[in-house]
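Report on one structure; see the data block that follows.
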Number of protein chains: 2
Amino acid sequence: MVNETQHSCSASSSSRSDGGSSSGSESSKDNSRCSTPVLDADRHERLREKMRRRQEAGDKWFSLEFFPPRTANAAVNLISRFDRMGAGGPLFIDVTWHPAGDPGSDKETSSMIIANTAVNYCGLETILHMTCCNQSKDEITGHLQKAKRLGLKNIMALRGDPAGEEWEEEVDGFNYAVDLVKHIRNEFDDYFDVCVAGYPKGHPEAESYEADLRHLKEKVIAGADFIITQLFFRPETFLKFMKDCQAIGINCPIIPGIFPIQGYHSLRQLVKLSKLEVPQEIKDVIEPMKDNDAAIRNYGVELAVSMCRELLDSGMVHGLHFYTLNREVATTEVLKRLGIWKEDPRRPLPWAVSAHPKRRVEDVRPIFWASRPKSYIYRTQEWDDFPNGRWGNSSSPAFGELKDYYLFYLKSKSPREELLKMWGEELTGEESVFEVFTCYITGEPNRNGYKVTCMPWNDDPLATETNLLKDQLEKVNRRGILTINSQPNINGKPSTDPIVGWGPSGGYVFQKAYLEFFTSSEIVTALLKVLKKYELRVNYHIVNVKGQNITNAPDLQPNAVTWGIFPGREIIQPTVVDPVSFLSWKDEAFALWIEQWAKLYEEESPSRMIIQYIHDNYYLVNLVDNDFPLENCLWQVVEDTFELLN
Amino acid sequence: MVNETQHSCSASSSSRSDGGSSSGSESSKDNSRCSTPVLDADRHERLREKMRRRQEAGDKWFSLEFFPPRTANAAVNLISRFDRMGAGGPLFIDVTWHPAGDPGSDKETSSMIIANTAVNYCGLETILHMTCCNQSKDEITGHLQKAKRLGLKNIMALRGDPAGEEWEEEVDGFNYAVDLVKHIRNEFDDYFDVCVAGYPKGHPEAESYEADLRHLKEKVIAGADFIITQLFFRPETFLKFMKDCQAIGINCPIIPGIFPIQGYHSLRQLVKLSKLEVPQEIKDVIEPMKDNDAAIRNYGVELAVSMCRELLDSGMVHGLHFYTLNREVATTEVLKRLGIWKEDPRRPLPWAVSAHPKRRVEDVRPIFWASRPKSYIYRTQEWDDFPNGRWGNSSSPAFGELKDYYLFYLKSKSPREELLKMWGEELTGEESVFEVFTCYITGEPNRNGYKVTCMPWNDDPLATETNLLKDQLEKVNRRGILTINSQPNINGKPSTDPIVGWGPSGGYVFQKAYLEFFTSSEIVTALLKVLKKYELRVNYHIVNVKGQNITNAPDLQPNAVTWGIFPGREIIQPTVVDPVSFLSWKDEAFALWIEQWAKLYEEESPSRMIIQYIHDNYYLVNLVDNDFPLENCLWQVVEDTFELLN
């Protein structure tokens, strides 16, 4: 919105009442008895209801605006930023619409795909901007249908910039944001939550401030659910605007747009685009230090913090919308200083939840994708139903193929050179691979002095929970048990436990110990002999790339390995070891050796042949210790195996 | 079968192969991945598969034959006998078909309804006999459809007695058992398991022993799955018969019919009907003691035991079928002495499972009907789907009304006079009611010297599990907390625990503490104050007969109060406290005061008015302590309540 100018027109009486509507099948479902234990009310509410609930609870919130980047690499970085800034707890993010950048296309950098990624892969409540001028009704309907199909539930309805110098109304076209609001309500009923723009100083093209207020009211009457304002420089500007809105009967939430000044040039650029005037007292401070970016940013943060405080203290403001300019530091600092950046280590479920409405009931997943949740979401995106309550209840639909390892939201954050430094410019044998795994576990630098902060199966450093097993993991990796996933057993820790807890407070969480690794056929042979001793206690699945599969799982039943007991609720069991899904995961896990690691090296090079050898000959093994109240026996199983080999 | 004569005719080649068929939708489902964790393979198999699995496992089994009684009271007693003899672990029971007794009707004493009760209410695998002569095709199809509708899956196909003295074939009619077998296969495909009768000495009306064998083979070729034989007196009779069957290619299971001689007259009666000849060596023993029933029965038991031992030792016999004559003692003694009576205190689930195929996936029920499982089955018999995995997954269909308290399978085993002795010929106030509850809990005689062995809400003495809470229960009942259901909290006991265990071995079971009681509004007022202190820990539902309902349950979500964790399986949670079902249970629980207790007394009598007063003014309360790993706090809640009142 910062990079755009908007217009709206003519106004009249009272605003739509929020939340009371129940025409859509989505919302009528909400009123009936829920089929899944509601662990996380947020997941089941639409944005306007979340806003209302937060306001009623006296809970202050924030939201973040981003624009689509120009290159695929920048998009990968933006998605990491979504993950990091998502951790602070924004109520939503929004993605601007760039008419010039093919915004409705399937390009990695399109507004549509960036918003899609935010919702589906980062689990963020997301508003997609959409402009309407210079577009046909059919084009717009197409964009909206696509947004709906992708699971987007919120639209910011804007006019957009006219194409030519002087703007002229098109007959029968969409000339104002209000036309788009009406169109959305006509064509999609109550499906979308609709947001519109407000101009605290009046839109620069409006006849007058008063006329612009009337235009705003017209947008609300047409069906907008809430308003986000253009940026402003003084708190009183917003507070006056808000009072004026209320005076003419605009009663929906109005969210102030906050722009922390981050540099001299970006401010000038913005002023030019938005036709806003920077107050003299700010110019006076900034001009003298225009070449000192750090000083300007510090000043910008101070200014934003003090303005936000004043807004929040007024009692009229419940949420703050930040124009981030796709940058992290300034906004995060403002939020932290305001005390509304809330890094909540508590998770509604042990895995990252997708925000697609189709997945609202989803509450159980196979453990295999624990470190690759985006891949799991991608491979299950075509499912019509998601398992709920029990994995076995799903008819285990097929997983999508994962052939294109360069799907940008699955791409490694690290470039090739960095990966080579971590995983070895040159491998000398299987042992050099063991070393890489060991360094990843220990966090110690490798022989060339580089820390191994990611692996083909884990794009992030070791999870805190896995740290609980660090010593044992180190020991076994050194000896060729190449672990890629594990969890300790937990016998009823409070759901608020900072490391293993999840779900609402007052509950207890449980886990069966789990260990998943690649290892040689020699070790597998010994392991199988050892496992006979543990037949009743340990379930195992052992498979090679060709699909030779050895298991003692009864039938094809999944084994629940994480579950939680909560006050007044049914049991939740969010992760299972599912024998059927394991075979789909196996393909992905083996392919990652080649796609992410082997291909770093020249074809026919010794390094590449070593990885290829492992890929062709190793087995993927998973082990579950069913006796969760006792001490984890899986280390003993591995120990016994090594003993047998000696 | 003992009371009937049968006939079959003409024979030829090899028998049908068992179990391989998969034409029915029932059996094809079995082959796909199961949607419910298979805790109890028995529940999901058809009878012929159970037989095969037992045989393959070298596991000896028995079955029991009963005939429909003549009076409704005798039917009530027979059902208690089903429950008691069911505890010994019969593979199945069968119910004979009495052409004269309106066997396909809805009368309490009809073969159809007795078999229905055995399957649905006692959870027993059941074979319904059916005869075909003197009946039209349509009548027979009607009977079979009805049997299928009621959940019966096994038919014993018999000819039956001809109506007149001399039997004549009817043109186009069913003249032989083989016609009925063919008809079942034609009309119902593979739905039913079909059993036919074999005659170790040849059918008395057959041309010859050889001809009769050929008739038997014809029945097998027509689609019979196994054979049960007429009774015989010498083991060699059966063993010869079995060899002869095998010699002509009858390969299906052949189960010997065992008749423990129980009395002089019943033996004579039987011999007359079956046209069998009693061997001289037996006559020689029996005649001298024909007036000494006990001696004859002892002899009968000895004889049966030694014959069964010989049969089992032959290695050709895997199961024994007992003609019980609806009596318990002799058969039970034979079975116990053979060591095949297996009272297994371990339960597949904490509640009594129904054997109706529609309910095969059912694995969660509200806790309220814990002591009235037959009532729960009755009130949910119209449901199309049964909750599986989660209670909340069911769309909570309506419970059937329970207006007719005299439905025979729900009728109290005790007559009015006994109930009056237990519950008081005359009540003098609410305190006399407290006393009845207290005596039921303690097992001590009441003031008139009678033990209270049942209550309107519990037709049986206190469950072993409830005994764990006996002292506390006694204390609170004395003071007017009239408990009708409770369970202790359990934090992970082995699933093999003799008192609270259930499900396969190697698992762990858990419970939240539960307490359900009637109490006065005065106590409820104090209780509610106390419960404020326990708000986050204790969930409660408090309701009176008018439906005034006080609860702190979040939304309408059920609370899981029993669950189990098993090796290689998903979590099972077989009992929940469901707020919606509680309101249906409430109607039943309050009505039992009037229907079972108040109505023992004259209208307008003081005793009746006391019960009526309680019914009209008391509340039904349930409490769940969510903190299952801690010491049960519900006793403290009650203690605090009494303290507040003083």
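Going by the structure tokens order, chains are called A, B, ..., each with residues numbered from 1, while ligands are numbered from 1 in the order shown.
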
Could you make a table, as a tab-separated table, of the residues of chain A that have an atom within 9 Å of an atom of chain B, each with its nearest atom pair and distance in Å to one decimal, counting only C-alpha atoms, in chain and number order?
```
residue	atom	partner	partner_atom	distance
A:Arg33	CA	B:Leu556	CA	6.8
A:Cys34	CA	B:Gly392	CA	7.2
A:Ser35	CA	B:Gly392	CA	4.9
A:Thr36	CA	B:Gly392	CA	6.5
A:Pro37	CA	B:Gln557	CA	6.8
A:Val38	CA	B:Gln557	CA	8.3
A:Asn388	CA	B:Asn393	CA	8.6
A:Gly389	CA	B:Arg390	CA	6.3
A:Arg390	CA	B:Gly389	CA	6.3
A:Trp391	CA	B:Glu570	CA	7.9
A:Gly392	CA	B:Ser35	CA	5.0
A:Asn393	CA	B:Ser35	CA	5.0
A:Ser394	CA	B:Ser35	CA	7.6
A:Ser395	CA	B:Ser35	CA	7.8
A:Gly492	CA	B:Pro629	CA	8.1
A:Gly506	CA	B:Leu536	CA	7.4
A:Gly507	CA	B:Asp627	CA	8.0
A:Tyr508	CA	B:Asp627	CA	8.7
A:Leu536	CA	B:Gly506	CA	7.5
A:Arg537	CA	B:Pro567	CA	7.1
A:Val538	CA	B:Pro567	CA	8.0
A:Asn539	CA	B:Gly568	CA	6.4
A:Asn552	CA	B:Gly568	CA	9.0
A:Ala553	CA	B:Gly568	CA	6.1
A:Pro554	CA	B:Gly568	CA	6.8
A:Asp555	CA	B:Arg33	CA	8.1
A:Leu556	CA	B:Arg33	CA	6.7
A:Gln557	CA	B:Arg569	CA	6.1
A:Pro558	CA	B:Arg569	CA	5.6
A:Asn559	CA	B:Arg569	CA	4.2
A:Ala560	CA	B:Glu570	CA	4.6
A:Val561	CA	B:Glu570	CA	8.3
A:Trp563	CA	B:Ile571	CA	8.1
A:Ile565	CA	B:Ala560	CA	8.2
A:Phe566	CA	B:Asn626	CA	7.3
A:Pro567	CA	B:Asn626	CA	5.2
A:Gly568	CA	B:Asn559	CA	4.4
A:Arg569	CA	B:Asn559	CA	4.2
A:Glu570	CA	B:Ala560	CA	4.6
A:Ile571	CA	B:Ala560	CA	6.3
A:Ile572	CA	B:Ile571	CA	8.8
A:Gln573	CA	B:Ile571	CA	7.2
A:Val576	CA	B:Glu570	CA	7.5
A:Val577	CA	B:Gly568	CA	8.6
A:Val624	CA	B:Gly568	CA	8.3
A:Asp625	CA	B:Pro567	CA	8.4
A:Asn626	CA	B:Pro567	CA	5.2
A:Asp627	CA	B:Pro567	CA	7.8
A:Pro629	CA	B:Gly492	CA	8.1
```

Problem - DSSP alpha helix (DSSP H) residues within range 439-594 of chain A, as a VMD selection string - result: chain A and resid 439 to 442 464 to 467 470 to 478 521 to 533 579 to 592

Handout entry: Expected answer as an MDAnalysis selection string: strand (DSSP E) residues in range 20-242 of chain B
Key = chainID B and resid 61:66 92:95 126:131 154:158 193:198 226:231

For Ala87 in chain B, list every protein, DNA or RNA residue within 7 Å, evaluated using only C-alpha atoms, and leave out those in the same chain fewer than 3 positions away; present the list as a short mmCIF file (atom, residue, chain, number, x, y, z; two decimals) with N, CA, C and O atoms, in the first residue's frame.
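For reference, around.cif as written:
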```
data_model
loop_
_atom_site.label_atom_id
_atom_site.label_comp_id
_atom_site.auth_asym_id
_atom_site.auth_seq_id
_atom_site.Cartn_x
_atom_site.Cartn_y
_atom_site.Cartn_z
N ASP B 83 -25.05 -64.14 29.77
CA ASP B 83 -23.98 -63.30 30.30
C ASP B 83 -22.99 -64.13 31.12
O ASP B 83 -21.78 -63.99 30.99
N ARG B 84 -23.53 -65.04 31.96
CA ARG B 84 -22.65 -65.83 32.82
C ARG B 84 -21.84 -66.84 32.01
O ARG B 84 -20.65 -66.99 32.19
N GLU B 343 -12.29 -68.17 31.74
CA GLU B 343 -12.77 -66.88 32.22
C GLU B 343 -11.63 -65.90 32.13
O GLU B 343 -10.69 -65.96 32.91
#
```

Problem - Residue neighbourhood Ala598 in chain B, 9 Å, only C-alpha atoms, exclusion window fewer than 2 positions, as a PyMOL selection string - result: chain B and resi 592-596+600-603+607-612

Next, the residues of the selection above should be written as a compact mmCIF listing (two decimals), in the first residue's frame with all heavy atoms.
```txt
# COMPACT_ATOMS: atom_id res chain seq x y z
N LEU B 592 -35.41 -43.67 36.21
CA LEU B 592 -35.23 -44.92 36.95
C LEU B 592 -35.68 -44.79 38.41
O LEU B 592 -36.13 -45.77 39.01
CB LEU B 592 -33.76 -45.38 36.87
CG LEU B 592 -33.35 -45.94 35.50
CD1 LEU B 592 -31.83 -46.03 35.37
CD2 LEU B 592 -33.97 -47.31 35.26
N TRP B 593 -35.57 -43.59 38.98
CA TRP B 593 -36.11 -43.38 40.34
C TRP B 593 -37.58 -43.79 40.38
O TRP B 593 -38.01 -44.50 41.29
CB TRP B 593 -36.03 -41.90 40.73
CG TRP B 593 -34.70 -41.40 41.20
CD1 TRP B 593 -33.85 -40.59 40.52
CD2 TRP B 593 -34.08 -41.62 42.49
NE1 TRP B 593 -32.74 -40.30 41.29
CE2 TRP B 593 -32.86 -40.93 42.50
CE3 TRP B 593 -34.45 -42.37 43.62
CZ2 TRP B 593 -31.99 -40.93 43.60
CZ3 TRP B 593 -33.58 -42.37 44.72
CH2 TRP B 593 -32.38 -41.66 44.69
N ILE B 594 -38.32 -43.31 39.40
CA ILE B 594 -39.76 -43.55 39.40
C ILE B 594 -40.09 -44.97 38.95
O ILE B 594 -40.78 -45.71 39.65
CB ILE B 594 -40.47 -42.54 38.47
CG1 ILE B 594 -40.13 -41.09 38.88
CG2 ILE B 594 -41.99 -42.78 38.46
CD1 ILE B 594 -40.55 -40.73 40.29
N GLU B 595 -39.54 -45.34 37.79
CA GLU B 595 -39.95 -46.60 37.18
C GLU B 595 -39.50 -47.81 38.00
O GLU B 595 -40.22 -48.79 38.09
CB GLU B 595 -39.36 -46.71 35.76
CG GLU B 595 -39.87 -45.65 34.81
CD GLU B 595 -41.37 -45.75 34.58
OE1 GLU B 595 -41.90 -46.88 34.60
OE2 GLU B 595 -42.02 -44.69 34.40
N GLN B 596 -38.31 -47.74 38.56
CA GLN B 596 -37.79 -48.91 39.25
C GLN B 596 -38.05 -48.87 40.75
O GLN B 596 -38.13 -49.89 41.39
CB GLN B 596 -36.27 -49.03 39.00
CG GLN B 596 -35.89 -49.13 37.55
CD GLN B 596 -35.43 -50.53 37.17
OE1 GLN B 596 -35.16 -51.36 38.01
NE2 GLN B 596 -35.36 -50.78 35.88
N LEU B 600 -42.63 -49.27 43.16
CA LEU B 600 -42.75 -50.43 44.04
C LEU B 600 -43.83 -50.17 45.10
O LEU B 600 -44.35 -51.09 45.70
CB LEU B 600 -41.43 -50.70 44.77
CG LEU B 600 -40.22 -51.14 43.93
CD1 LEU B 600 -39.00 -51.30 44.82
CD2 LEU B 600 -40.51 -52.45 43.20
N TYR B 601 -44.11 -48.89 45.36
CA TYR B 601 -45.02 -48.51 46.45
C TYR B 601 -46.37 -48.07 45.90
O TYR B 601 -46.48 -47.66 44.75
CB TYR B 601 -44.39 -47.37 47.27
CG TYR B 601 -42.98 -47.66 47.73
CD1 TYR B 601 -41.90 -46.98 47.17
CD2 TYR B 601 -42.73 -48.63 48.71
CE1 TYR B 601 -40.60 -47.25 47.57
CE2 TYR B 601 -41.43 -48.90 49.11
CZ TYR B 601 -40.37 -48.21 48.55
OH TYR B 601 -39.09 -48.49 48.94
N GLU B 602 -47.36 -48.13 46.77
CA GLU B 602 -48.70 -47.64 46.43
C GLU B 602 -48.63 -46.17 46.02
O GLU B 602 -47.86 -45.40 46.58
CB GLU B 602 -49.61 -47.71 47.67
CG GLU B 602 -49.84 -49.09 48.22
CD GLU B 602 -50.81 -49.87 47.35
OE1 GLU B 602 -51.89 -49.31 47.03
OE2 GLU B 602 -50.48 -51.03 46.98
N GLU B 603 -49.47 -45.78 45.09
CA GLU B 603 -49.59 -44.36 44.78
C GLU B 603 -49.99 -43.62 46.05
O GLU B 603 -50.73 -44.15 46.87
CB GLU B 603 -50.67 -44.15 43.70
CG GLU B 603 -50.12 -44.36 42.30
CD GLU B 603 -51.11 -43.96 41.22
OE1 GLU B 603 -51.56 -42.79 41.25
OE2 GLU B 603 -51.43 -44.82 40.37
N SER B 607 -43.77 -43.55 51.14
CA SER B 607 -42.55 -44.04 50.51
C SER B 607 -42.43 -43.53 49.08
O SER B 607 -41.39 -43.03 48.64
CB SER B 607 -42.52 -45.57 50.49
OG SER B 607 -42.50 -46.07 51.81
N ARG B 608 -43.52 -43.64 48.36
CA ARG B 608 -43.51 -43.22 46.97
C ARG B 608 -43.28 -41.73 46.87
O ARG B 608 -42.58 -41.25 45.97
CB ARG B 608 -44.84 -43.61 46.31
CG ARG B 608 -44.88 -43.28 44.84
CD ARG B 608 -45.73 -44.28 44.11
NE ARG B 608 -45.89 -43.95 42.71
CZ ARG B 608 -46.53 -44.74 41.85
NH1 ARG B 608 -47.03 -45.89 42.26
NH2 ARG B 608 -46.63 -44.39 40.59
N MET B 609 -43.86 -40.97 47.82
CA MET B 609 -43.71 -39.52 47.76
C MET B 609 -42.27 -39.09 48.06
O MET B 609 -41.80 -38.07 47.53
CB MET B 609 -44.70 -38.85 48.70
CG MET B 609 -46.12 -38.84 48.10
SD MET B 609 -47.40 -38.52 49.31
CE MET B 609 -47.12 -36.78 49.64
N ILE B 610 -41.60 -39.86 48.87
CA ILE B 610 -40.19 -39.54 49.16
C ILE B 610 -39.34 -39.68 47.89
O ILE B 610 -38.56 -38.80 47.53
CB ILE B 610 -39.65 -40.45 50.29
CG1 ILE B 610 -40.27 -40.02 51.62
CG2 ILE B 610 -38.12 -40.40 50.35
CD1 ILE B 610 -40.14 -41.05 52.72
N ILE B 611 -39.54 -40.79 47.18
CA ILE B 611 -38.77 -40.98 45.94
C ILE B 611 -39.16 -39.91 44.92
O ILE B 611 -38.32 -39.33 44.23
CB ILE B 611 -39.02 -42.39 45.37
CG1 ILE B 611 -38.61 -43.48 46.38
CG2 ILE B 611 -38.26 -42.58 44.06
CD1 ILE B 611 -37.14 -43.52 46.70
N GLN B 612 -40.47 -39.64 44.86
CA GLN B 612 -40.94 -38.61 43.92
C GLN B 612 -40.29 -37.26 44.25
O GLN B 612 -39.88 -36.52 43.36
CB GLN B 612 -42.47 -38.49 43.97
CG GLN B 612 -43.07 -37.54 42.94
CD GLN B 612 -43.06 -38.12 41.53
OE1 GLN B 612 -43.45 -39.28 41.32
NE2 GLN B 612 -42.59 -37.36 40.56
```

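With only C-alpha atoms as the atoms that count, the minimum distance from Gly257 in chain A to the choices A:Glu45, A:Asp161, A:Glu65, A:Asp293 is reached by A:Glu65.
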
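Between CA of His615 in chain B and CA of Ala591 in chain B the separation is 7.9 Å.
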
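The environment of Lys107 in chain A within 10 Å, counting only C-alpha atoms and disregarding residues fewer than 6 places along the same chain, consists of A:Thr71, A:Ala72, A:Gly101, A:Ile113, A:Ile114.
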
Include N, CA and C atoms and write out the residues we just selected as a compact mmCIF listing (two decimals), in the first residue's frame.
```txt
# COMPACT_ATOMS: atom_id res chain seq x y z
N THR A 71 13.12 -11.10 -7.48
CA THR A 71 13.81 -12.31 -7.96
C THR A 71 13.42 -13.51 -7.09
N ALA A 72 13.63 -14.70 -7.68
CA ALA A 72 13.29 -15.93 -6.97
C ALA A 72 14.13 -16.06 -5.69
N GLY A 101 3.83 -6.49 -12.09
CA GLY A 101 4.63 -7.71 -11.87
C GLY A 101 3.87 -9.00 -12.07
N ILE A 113 1.39 -15.86 -5.45
CA ILE A 113 2.17 -17.01 -4.98
C ILE A 113 2.87 -16.69 -3.65
N ILE A 114 3.26 -15.45 -3.47
CA ILE A 114 3.85 -15.08 -2.18
C ILE A 114 2.80 -15.20 -1.07
```

Handout entry: Shell of 12 Å around Val621 in chain A, only C-alpha atoms, local chain residues under 2 positions omitted, as JSON, numbers by chain
Key = {"A": [368, 481, 482, 483, 484, 485, 486, 514, 515, 516, 517, 518, 519, 520, 521, 523, 524, 525, 527, 528, 539, 540, 541, 542, 543, 544, 545, 548, 549, 550, 551, 577, 579, 582, 583, 585, 586, 589, 590, 618, 619, 623, 624, 638]}

Exercise for the section: Extract, using only C-alpha atoms, all DNA, RNA and protein residues at most 12 Å from Gly173 in chain A, discarding same-chain residues fewer than 2 positions from it, and format them as a PyMOL selection string. Expected result: chain A and resi 132-140+159+168-171+175-180+183

Go ahead and save the residues from that selection, with N, CA and C atoms, as a PDB file, in the first residue's frame.
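Dumped to selection_37.pdb:
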```
ATOM      1  N   CYS A 132      -8.195  -2.861  -8.858  1.00  0.00           N
ATOM      2  CA  CYS A 132      -9.208  -3.171  -9.857  1.00  0.00           C
ATOM      3  C   CYS A 132      -9.164  -2.302 -11.108  1.00  0.00           C
ATOM      4  N   CYS A 133      -8.486  -1.148 -11.057  1.00  0.00           N
ATOM      5  CA  CYS A 133      -8.621  -0.314 -12.246  1.00  0.00           C
ATOM      6  C   CYS A 133      -7.783  -0.886 -13.384  1.00  0.00           C
ATOM      7  N   ASN A 134      -8.214  -0.602 -14.591  1.00  0.00           N
ATOM      8  CA  ASN A 134      -7.568  -1.152 -15.793  1.00  0.00           C
ATOM      9  C   ASN A 134      -7.654  -2.675 -15.883  1.00  0.00           C
ATOM     10  N   GLN A 135      -8.630  -3.261 -15.214  1.00  0.00           N
ATOM     11  CA  GLN A 135      -8.799  -4.708 -15.363  1.00  0.00           C
ATOM     12  C   GLN A 135     -10.256  -5.039 -15.641  1.00  0.00           C
ATOM     13  N   SER A 136     -10.461  -6.115 -16.391  1.00  0.00           N
ATOM     14  CA  SER A 136     -11.840  -6.500 -16.694  1.00  0.00           C
ATOM     15  C   SER A 136     -12.429  -7.248 -15.509  1.00  0.00           C
ATOM     16  N   LYS A 137     -13.760  -7.269 -15.475  1.00  0.00           N
ATOM     17  CA  LYS A 137     -14.476  -8.006 -14.443  1.00  0.00           C
ATOM     18  C   LYS A 137     -14.006  -9.461 -14.414  1.00  0.00           C
ATOM     19  N   ASP A 138     -13.851 -10.051 -15.599  1.00  0.00           N
ATOM     20  CA  ASP A 138     -13.475 -11.461 -15.681  1.00  0.00           C
ATOM     21  C   ASP A 138     -12.076 -11.707 -15.121  1.00  0.00           C
ATOM     22  N   GLU A 139     -11.170 -10.796 -15.433  1.00  0.00           N
ATOM     23  CA  GLU A 139      -9.817 -10.941 -14.887  1.00  0.00           C
ATOM     24  C   GLU A 139      -9.872 -10.943 -13.360  1.00  0.00           C
ATOM     25  N   ILE A 140     -10.623  -9.970 -12.847  1.00  0.00           N
ATOM     26  CA  ILE A 140     -10.699  -9.833 -11.386  1.00  0.00           C
ATOM     27  C   ILE A 140     -11.356 -11.059 -10.762  1.00  0.00           C
ATOM     28  N   ARG A 159      -8.165   0.537  -5.407  1.00  0.00           N
ATOM     29  CA  ARG A 159      -8.389   0.955  -6.780  1.00  0.00           C
ATOM     30  C   ARG A 159      -7.161   0.653  -7.629  1.00  0.00           C
ATOM     31  N   GLU A 168      -9.032   8.461 -16.137  1.00  0.00           N
ATOM     32  CA  GLU A 168     -10.410   8.647 -16.596  1.00  0.00           C
ATOM     33  C   GLU A 168     -11.243   7.426 -16.212  1.00  0.00           C
ATOM     34  N   GLU A 169     -12.469   7.695 -15.831  1.00  0.00           N
ATOM     35  CA  GLU A 169     -13.357   6.578 -15.488  1.00  0.00           C
ATOM     36  C   GLU A 169     -13.642   5.730 -16.715  1.00  0.00           C
ATOM     37  N   GLU A 170     -13.685   4.431 -16.511  1.00  0.00           N
ATOM     38  CA  GLU A 170     -14.089   3.548 -17.600  1.00  0.00           C
ATOM     39  C   GLU A 170     -15.570   3.233 -17.430  1.00  0.00           C
ATOM     40  N   VAL A 171     -16.314   3.244 -18.508  1.00  0.00           N
ATOM     41  CA  VAL A 171     -17.731   2.881 -18.435  1.00  0.00           C
ATOM     42  C   VAL A 171     -17.812   1.367 -18.194  1.00  0.00           C
ATOM     43  N   ASN A 175     -13.925   1.373 -11.358  1.00  0.00           N
ATOM     44  CA  ASN A 175     -13.227   2.638 -11.285  1.00  0.00           C
ATOM     45  C   ASN A 175     -12.769   2.986  -9.881  1.00  0.00           C
ATOM     46  N   TYR A 176     -13.392   2.385  -8.903  1.00  0.00           N
ATOM     47  CA  TYR A 176     -13.087   2.718  -7.510  1.00  0.00           C
ATOM     48  C   TYR A 176     -12.995   1.432  -6.699  1.00  0.00           C
ATOM     49  N   ALA A 177     -12.326   1.530  -5.569  1.00  0.00           N
ATOM     50  CA  ALA A 177     -12.220   0.365  -4.677  1.00  0.00           C
ATOM     51  C   ALA A 177     -13.610  -0.154  -4.305  1.00  0.00           C
ATOM     52  N   VAL A 178     -14.551   0.782  -4.141  1.00  0.00           N
ATOM     53  CA  VAL A 178     -15.894   0.362  -3.735  1.00  0.00           C
ATOM     54  C   VAL A 178     -16.511  -0.597  -4.757  1.00  0.00           C
ATOM     55  N   ASP A 179     -16.160  -0.412  -6.032  1.00  0.00           N
ATOM     56  CA  ASP A 179     -16.671  -1.333  -7.052  1.00  0.00           C
ATOM     57  C   ASP A 179     -16.143  -2.740  -6.821  1.00  0.00           C
ATOM     58  N   LEU A 180     -14.893  -2.803  -6.418  1.00  0.00           N
ATOM     59  CA  LEU A 180     -14.295  -4.116  -6.146  1.00  0.00           C
ATOM     60  C   LEU A 180     -14.927  -4.758  -4.905  1.00  0.00           C
ATOM     61  N   HIS A 183     -18.221  -6.063  -5.916  1.00  0.00           N
ATOM     62  CA  HIS A 183     -18.035  -7.233  -6.771  1.00  0.00           C
ATOM     63  C   HIS A 183     -17.708  -8.475  -5.929  1.00  0.00           C
TER      64      HIS A 183
END
```

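Counting from CA of Leu267 in chain A, the distance to CA of Glu302 in chain A is 15.6 Å.
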
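Nearest-residue note for Leu216 in chain B: choosing from B:Val637, B:Val196, B:Val278, B:Val95, the minimum distance belongs to B:Val196, counting only C-alpha atoms.
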